[in-house]
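*Asks:* Next comes entry.cif, mmCIF, C-alpha atoms:
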data_input
#
loop_
_atom_site.label_atom_id
_atom_site.label_comp_id
_atom_site.auth_asym_id
_atom_site.auth_seq_id
_atom_site.Cartn_x
_atom_site.Cartn_y
_atom_site.Cartn_z
CA MET B 1 9.08 142.85 50.00
CA SER B 2 9.45 146.60 50.33
CA ASP B 3 11.35 148.14 53.24
CA THR B 4 9.14 151.21 53.14
CA PRO B 5 6.83 151.22 56.19
CA THR B 6 3.19 150.88 55.31
CA LYS B 7 -0.18 151.75 56.74
CA VAL B 8 -3.39 149.80 56.42
CA VAL B 9 -6.57 151.77 55.76
CA VAL B 10 -9.94 150.03 55.75
CA ASP B 11 -12.86 151.92 54.21
CA CYS B 12 -15.75 150.44 56.14
CA SER B 13 -18.33 151.89 53.73
CA THR B 14 -16.90 149.97 50.77
CA GLY B 15 -15.03 147.16 52.48
CA ILE B 16 -11.91 148.07 50.52
CA THR B 17 -8.60 147.71 52.32
CA GLU B 18 -5.60 149.62 51.09
CA VAL B 19 -2.00 149.05 52.10
CA LEU B 20 -0.25 152.35 51.48
CA PRO B 21 3.39 153.34 51.84
CA LEU B 22 4.03 155.98 54.47
CA THR B 23 4.95 159.38 53.11
CA GLN B 24 8.40 160.79 53.84
CA ALA B 25 6.81 163.12 56.37
CA GLU B 26 5.06 160.20 58.10
CA ILE B 27 8.32 158.22 58.17
CA ALA B 28 10.10 161.22 59.67
CA ASP B 29 7.36 161.62 62.29
CA MET B 30 7.58 157.94 63.12
CA GLU B 31 11.35 158.11 63.54
CA THR B 32 11.01 161.18 65.77
CA ALA B 33 8.43 159.36 67.90
CA ARG B 34 10.62 156.25 68.08
CA LEU B 35 13.65 158.25 69.19
CA ALA B 36 11.56 160.11 71.77
CA ALA B 37 10.18 156.84 73.14
CA GLU B 38 13.66 155.35 73.31
CA ALA B 39 15.03 158.44 75.07
CA GLU B 40 12.15 158.27 77.53
CA ARG B 41 12.89 154.59 78.21
CA VAL B 42 16.60 155.27 78.80
CA GLU B 43 15.77 158.17 81.11
CA ARG B 44 13.23 156.10 83.04
CA GLU B 45 15.63 153.20 83.48
CA ALA B 46 18.43 155.53 84.56
CA LYS B 47 16.10 157.08 87.15
CA GLU B 48 15.11 153.62 88.42
CA VAL B 49 18.79 152.73 88.86
CA ALA B 50 19.53 156.08 90.54
CA ASP B 51 16.53 155.70 92.87
CA ALA B 52 17.55 152.17 93.83
CA THR B 53 21.11 153.30 94.50
CA ALA B 54 19.94 156.24 96.61
CA LYS B 55 17.54 154.02 98.52
CA SER B 56 20.26 151.48 99.23
CA ALA B 57 22.64 154.22 100.39
CA LEU B 58 19.98 155.68 102.70
CA LEU B 59 19.22 152.32 104.28
CA LYS B 60 22.93 151.80 104.84
CA LYS B 61 23.25 155.27 106.40
CA LEU B 62 20.31 154.55 108.71
CA GLY B 63 21.68 151.13 109.53
CA ILE B 64 18.41 149.33 108.83
CA THR B 65 17.30 146.70 106.36
CA GLN B 66 14.65 147.11 103.67
CA GLU B 67 12.26 144.97 105.70
CA GLU B 68 12.79 147.19 108.76
CA ALA B 69 12.18 150.31 106.65
CA ARG B 70 8.95 148.76 105.34
CA LEU B 71 7.90 148.01 108.91
CA LEU B 72 8.51 151.61 109.93
CA LEU B 73 6.32 152.87 107.09
CA SER B 74 3.46 150.41 107.63
CA MET H 1 -31.12 141.12 72.12
CA ALA H 2 -27.83 142.56 70.90
CA THR H 3 -26.65 141.48 67.47
CA TYR H 4 -22.98 141.55 66.52
CA THR H 5 -22.18 142.31 62.89
CA LEU H 6 -18.64 142.06 61.60
CA ILE H 7 -18.00 145.35 59.82
CA SER H 8 -14.40 144.63 58.91
CA SER H 9 -11.63 142.18 59.63
CA ASN H 10 -8.02 142.68 58.85
CA VAL H 11 -5.24 140.15 59.36
CA LEU H 12 -1.92 141.71 58.44
CA ALA H 13 -0.10 139.87 55.69
CA SER H 14 2.97 142.00 56.31
CA SER H 15 4.03 144.47 58.96
CA ALA H 16 2.32 147.84 59.10
CA ALA H 17 2.88 151.04 61.03
CA SER H 18 -0.82 151.72 61.51
CA VAL H 19 -4.27 150.28 60.99
CA THR H 20 -7.21 152.60 60.32
CA PHE H 21 -10.91 151.84 60.17
CA SER H 22 -12.40 154.75 58.23
CA ALA H 23 -15.91 155.67 57.08
CA ILE H 24 -17.46 153.65 59.90
CA PRO H 25 -21.19 153.51 59.19
CA ALA H 26 -23.53 155.15 61.70
CA THR H 27 -26.04 152.32 61.49
CA TYR H 28 -25.28 150.53 64.73
CA THR H 29 -25.75 151.27 68.41
CA ASP H 30 -22.30 150.35 69.71
CA LEU H 31 -18.90 149.43 68.33
CA VAL H 32 -16.48 146.73 69.44
CA VAL H 33 -12.90 146.21 68.33
CA ARG H 34 -11.18 142.92 69.02
CA ALA H 35 -7.55 142.54 68.10
CA SER H 36 -4.57 140.24 68.44
CA ILE H 37 -1.42 142.35 68.32
CA ARG H 38 2.34 142.12 68.40
CA THR H 39 4.86 144.81 67.42
CA ASP H 40 8.51 144.78 66.40
CA ARG H 41 9.51 147.14 69.22
CA ALA H 42 13.12 146.07 69.69
CA GLY H 43 14.51 145.04 73.06
CA ASN H 44 11.16 145.20 74.85
CA ASN H 45 8.60 142.56 75.67
CA ILE H 46 6.02 145.32 76.18
CA ASP H 47 4.66 147.97 73.86
CA LEU H 48 1.64 150.25 74.22
CA LEU H 49 -1.25 150.53 71.80
CA LYS H 50 -2.17 154.04 70.70
CA LEU H 51 -5.65 154.92 69.47
CA VAL H 52 -6.64 158.16 67.75
CA ILE H 53 -10.33 158.71 67.03
CA ASN H 54 -11.60 160.79 64.09
CA SER H 55 -7.98 162.00 63.53
CA ASN H 56 -8.55 164.21 66.58
CA THR H 57 -5.24 164.85 68.36
CA SER H 58 -6.34 167.69 70.60
CA GLY H 59 -6.29 167.10 74.34
CA VAL H 60 -9.63 165.30 74.58
CA TYR H 61 -8.53 161.86 75.75
CA SER H 62 -8.63 160.81 79.42
CA GLN H 63 -7.88 157.39 80.85
CA THR H 64 -7.99 155.77 84.25
CA VAL H 65 -6.00 152.56 84.11
CA LEU H 66 -5.97 149.54 86.40
CA TYR H 67 -3.12 147.18 85.69
CA GLY H 68 -1.34 144.12 86.97
CA THR H 69 2.29 143.26 86.28
CA GLY H 70 2.55 139.74 87.65
CA SER H 71 4.21 141.11 90.77
CA ALA H 72 2.02 144.10 91.60
CA ALA H 73 -1.38 145.66 90.98
CA ALA H 74 -1.48 149.40 90.42
CA SER H 75 -3.28 152.23 88.69
CA THR H 76 -2.53 155.38 86.78
CA ARG H 77 -4.39 158.34 85.33
CA ILE H 78 -3.92 160.31 82.12
CA SER H 79 -5.86 163.54 81.58
CA SER H 80 -6.20 165.74 78.51
CA GLY H 81 -4.10 163.41 76.39
CA THR H 82 -3.76 163.64 72.64
CA GLU H 83 -4.64 159.96 72.22
CA PHE H 84 -5.45 156.84 74.20
CA TYR H 85 -2.18 155.00 74.67
CA TYR H 86 -2.37 152.83 77.75
CA ASP H 87 -3.14 149.31 76.56
CA PHE H 88 -0.31 146.81 76.92
CA ILE H 89 0.63 144.78 73.85
CA ASN H 90 3.50 142.49 72.95
CA GLY H 91 6.86 143.85 71.83
CA ALA H 92 9.60 142.01 69.98
CA ALA H 93 11.26 140.58 73.10
CA SER H 94 8.10 138.85 74.31
CA THR H 95 7.82 135.09 73.95
CA SER H 96 8.03 134.12 70.29
CA ASN H 97 4.76 133.99 68.39
CA THR H 98 2.68 135.34 71.25
CA PHE H 99 0.22 138.15 70.60
CA ALA H 100 -1.62 140.49 72.95
CA SER H 101 -5.41 140.26 73.20
CA TYR H 102 -7.24 143.57 73.06
CA GLU H 103 -10.85 144.68 73.24
CA LEU H 104 -12.45 148.12 72.95
CA TYR H 105 -16.14 148.72 73.63
CA ILE H 106 -17.72 152.00 72.51
CA PRO H 107 -21.37 152.48 73.47
CA SER H 108 -23.53 155.00 71.61
CA TYR H 109 -20.78 156.04 69.22
CA THR H 110 -22.98 158.33 67.13
CA VAL H 111 -24.71 160.38 69.85
CA SER H 112 -23.92 164.07 70.30
CA GLN H 113 -22.26 163.79 73.66
CA ASN H 114 -18.85 162.92 75.05
CA LYS H 115 -17.96 159.27 74.53
CA PRO H 116 -17.00 157.00 77.41
CA MET H 117 -15.55 153.65 76.42
CA SER H 118 -13.78 150.72 77.97
CA SER H 119 -10.68 148.88 76.86
CA PHE H 120 -8.99 145.76 78.07
CA SER H 121 -5.77 144.11 77.02
CA VAL H 122 -3.53 141.25 78.00
CA GLN H 123 0.10 141.24 77.02
CA GLU H 124 0.62 137.51 76.51
CA ASP H 125 4.00 136.31 77.70
CA ASN H 126 5.76 133.72 79.79
CA LEU H 127 7.76 136.33 81.67
CA SER H 128 7.12 137.60 85.18
CA SER H 129 6.59 141.10 83.83
CA ALA H 130 3.64 140.19 81.61
CA ARG H 131 0.90 142.76 82.02
CA ILE H 132 -2.86 143.12 81.94
CA ASN H 133 -4.94 146.30 82.05
CA ALA H 134 -8.53 147.51 82.20
CA ASP H 135 -9.18 151.13 81.28
CA ALA H 136 -12.05 153.55 81.74
CA ASN H 137 -11.66 155.97 78.84
CA LEU H 138 -13.32 159.23 77.93
CA PHE H 139 -13.19 160.82 74.47
CA SER H 140 -14.45 164.35 75.11
CA SER H 141 -15.98 165.01 71.73
CA THR H 142 -19.61 165.21 70.69
CA ALA H 143 -18.86 164.18 67.10
CA ALA H 144 -20.00 160.78 65.91
CA ILE H 145 -17.12 158.34 65.73
CA THR H 146 -16.28 157.62 62.10
CA SER H 147 -12.66 156.48 62.23
CA LEU H 148 -10.27 154.64 64.51
CA THR H 149 -6.51 154.62 63.95
CA TYR H 150 -4.19 152.28 65.80
CA THR H 151 -0.42 152.65 66.05
CA SER H 152 2.33 151.60 68.43
CA ASN H 153 2.95 154.25 71.07
CA ASN H 154 6.66 153.59 70.54
CA ALA H 155 6.51 154.01 66.77
CA ALA H 156 7.07 150.32 66.10
CA ASN H 157 5.28 148.28 63.45
CA PHE H 158 2.48 145.79 63.93
CA VAL H 159 3.92 142.47 62.80
CA SER H 160 2.47 140.13 60.22
CA GLY H 161 -0.30 138.00 61.72
CA SER H 162 -1.65 140.78 63.90
CA SER H 163 -5.40 140.96 63.42
CA PHE H 164 -8.03 143.65 63.90
CA TYR H 165 -11.80 143.07 63.88
CA LEU H 166 -14.45 145.79 64.02
CA TYR H 167 -17.99 144.84 65.01
CA GLY H 168 -21.17 146.89 64.99
CA ILE H 169 -23.73 146.07 67.65
CA SER H 170 -27.41 146.55 67.04
CA ASN H 171 -30.08 146.72 69.73
CA ALA H 172 -27.55 146.89 72.54
#
Rewrite the coordinates I just gave you, this time as structure tokens.

*Replies:*
Amino acid sequence: MSDTPTKVVVDCSTGITEVLPLTQAEIADMETARLAAEAERVEREAKEVADATAKSALLKKLGITQEEARLLLS
Amino acid sequence: MATYTLISSNVLASSAASVTFSAIPATYTDLVVRASIRTDRAGNNIDLLKLVINSNTSGVYSQTVLYGTGSAAASTRISSGTEFYYDFINGAASTSNTFASYELYIPSYTVSQNKPMSSFSVQEDNLSSARINADANLFSSTAAITSLTYTSNNAANFVSGSSFYLYGISNA
């Protein structure tokens, strides 16, 4: 089994399915997209942690619980 | 009465980075894609399915998404995107051997007007974060739809056993 990523192309006019290796450019594009997606995930998770920490600190500063904050906003 | 004709079926015998239906005949009224999908996206139970139509990656894709996470119901909106990408599918960390169920319905895919379409997917899992979505999509192009290309939005591969079925609908 080859380690080269492949793409599947179905020609609906002929019914012929081809499994083709990705070109070097396509592999590079894929790796760039993967790294960008991973960076986005890390950034999003870091923001979620930062937001939760800030929220917790604010509740503590105000001296109220999360339930009480929710009640205030309802 | 509508008649469904299977134009093409493809069950992956090995992993693949993309699946393309090309040279789609213009002989039907509507198109439907049904698929069962899992990717090898590492460390995540969720991936997103990306769809590019007619190889068009200009900003002509809009989506309004309703989704449920198992703990919340919410919505989001994407305008002027370069692809449709908001359908949840299974990543590598989802329950073993589970695959997402996906459906795309494209009415009047050959007419010279912008193309609305609906999509629906269920990320099958046993985890509390399993997700489901229903999307109202708009492909702002008057060209007849002749090709559909699916990839992972996170540049993962579709795993072996993933399956893609394209149907043409007559007399819809």

*Asks:* Leaving out segment 44-55 of chain B and any residue of its chain fewer than 4 positions from it, which residues lie within 12 Å of it when counting only C-alpha atoms, given as a list in words?

*Replies:*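 Listed by chain and then number, they are Ala37, Glu38, Ala39, Glu40, Leu59, Lys60, Lys61, Leu62, Ile64, Thr65, Gln66 and Ala69 of chain B.
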
*Asks:* Which residues of chain H come within 9 Å of chain B, and what is each one's closest atom pair and distance in Å (one decimal), counting all atoms listed in the file, sorted by chain and residue number, as a tab-separated table?

*Replies:*
residue	atom	partner	partner_atom	distance
H:Ile7	CA	B:Cys12	CA	6.7
H:Ser8	CA	B:Cys12	CA	6.6
H:Ser9	CA	B:Val10	CA	8.9
H:Asn10	CA	B:Val10	CA	8.2
H:Leu12	CA	B:Val8	CA	8.5
H:Ser14	CA	B:Met1	CA	8.8
H:Ser15	CA	B:Thr6	CA	7.4
H:Ala16	CA	B:Thr6	CA	4.9
H:Ala17	CA	B:Lys7	CA	5.3
H:Ser18	CA	B:Lys7	CA	4.8
H:Val19	CA	B:Val8	CA	4.7
H:Thr20	CA	B:Val9	CA	4.7
H:Phe21	CA	B:Val10	CA	4.9
H:Ser22	CA	B:Asp11	CA	4.9
H:Ala23	CA	B:Cys12	CA	5.3
H:Ile24	CA	B:Cys12	CA	5.2
H:Pro25	CA	B:Ser13	CA	6.4
H:Thr149	CA	B:Val9	CA	8.7
H:Asn153	CA	B:Ala37	CA	8.0
H:Asn154	CA	B:Arg34	CA	5.4
H:Ala155	CA	B:Arg34	CA	4.9
H:Ala156	CA	B:Arg34	CA	7.2
H:Asn157	CA	B:Pro5	CA	8.0

*Asks:* Which polymer residues have any atom within 7 Å of an atom of Ser118 of chain H, counting only C-alpha atoms, with same-chain residues fewer than 5 positions away left out, as a compact mmCIF listing (two decimals) with C-alpha atoms, in the frame of the given file?

*Replies:*
# COMPACT_ATOMS: atom_id res chain seq x y z
CA LEU H 104 -12.45 148.12 72.95
CA TYR H 105 -16.14 148.72 73.63
CA ILE H 106 -17.72 152.00 72.51
CA ASP H 135 -9.18 151.13 81.28
CA ALA H 136 -12.05 153.55 81.74
CA ASN H 137 -11.66 155.97 78.84

*Asks:* With 4 Å added on each side, what axis-aligned box encloses every listed atom of segment 126-136 of chain H? Give the centre and edge lengths in Å to one decimal, as lines of an AutoDock Vina configuration file.

*Replies:*
center_x = -2.1
center_y = 143.6
center_z = 82.5
size_x = 27.8
size_y = 27.8
size_z = 13.4

*Asks:* Provide the atom CA of Asp47 of chain H to atom CA of Tyr86 of chain H distance in Å, to one decimal place.

*Replies:*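 Distance between the two atoms: 9.4 Å.
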
*Asks:* For a test of reading the model, state the distance in Å between atom CA of Phe164 of chain H and atom CA of Ala74 of chain H, rounded to one decimal.

*Replies:*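 Between atom CA of Phe164 of chain H and atom CA of Ala74 of chain H the gap is 27.9 Å.
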
*Asks:* Pick out the residues sitting within 7 Å of Phe139 of chain H, and hand them over as an MDAnalysis selection string; count all atoms listed in the file, and ignore anything fewer than 2 positions along from it in its own chain.

*Replies:* chainID H and resid 60:62 114:116 137 141

*Asks:* Running the PyMOL selection byres ((chain H and resi 26-30) around 8) on this model by hand, what would come out? Give it as a ChimeraX atom specification.

*Replies:* /H:24-25,31-32,105-110,144,146,168-172

*Asks:* Write out the residues from the selection above, keeping C-alpha atoms, as a PDB file, keeping the file's coordinate frame.

*Replies:*
ATOM      1  CA  ILE H  24     -17.460 153.650  59.900  1.00  0.00           C
ATOM      2  CA  PRO H  25     -21.190 153.510  59.190  1.00  0.00           C
ATOM      3  CA  LEU H  31     -18.900 149.430  68.330  1.00  0.00           C
ATOM      4  CA  VAL H  32     -16.480 146.730  69.440  1.00  0.00           C
ATOM      5  CA  TYR H 105     -16.140 148.720  73.630  1.00  0.00           C
ATOM      6  CA  ILE H 106     -17.720 152.000  72.510  1.00  0.00           C
ATOM      7  CA  PRO H 107     -21.370 152.480  73.470  1.00  0.00           C
ATOM      8  CA  SER H 108     -23.530 155.000  71.610  1.00  0.00           C
ATOM      9  CA  TYR H 109     -20.780 156.040  69.220  1.00  0.00           C
ATOM     10  CA  THR H 110     -22.980 158.330  67.130  1.00  0.00           C
ATOM     11  CA  ALA H 144     -20.000 160.780  65.910  1.00  0.00           C
ATOM     12  CA  THR H 146     -16.280 157.620  62.100  1.00  0.00           C
ATOM     13  CA  GLY H 168     -21.170 146.890  64.990  1.00  0.00           C
ATOM     14  CA  ILE H 169     -23.730 146.070  67.650  1.00  0.00           C
ATOM     15  CA  SER H 170     -27.410 146.550  67.040  1.00  0.00           C
ATOM     16  CA  ASN H 171     -30.080 146.720  69.730  1.00  0.00           C
ATOM     17  CA  ALA H 172     -27.550 146.890  72.540  1.00  0.00           C
TER      18      ALA H 172
END

*Asks:* Could you please determine the separation between atom CA of Thr76 of chain H and atom CA of Thr57 of chain H in Å, to one decimal place?

*Replies:*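 Here the two named atoms are 20.9 Å from each other.
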
*Asks:* Please write as a PyMOL selection string the full residue list that the PyMOL selection byres ((chain H and resi 68) around 12) yields on this file.

*Replies:* chain H and resi 65-67+69-76+87-88+120-123+128-135
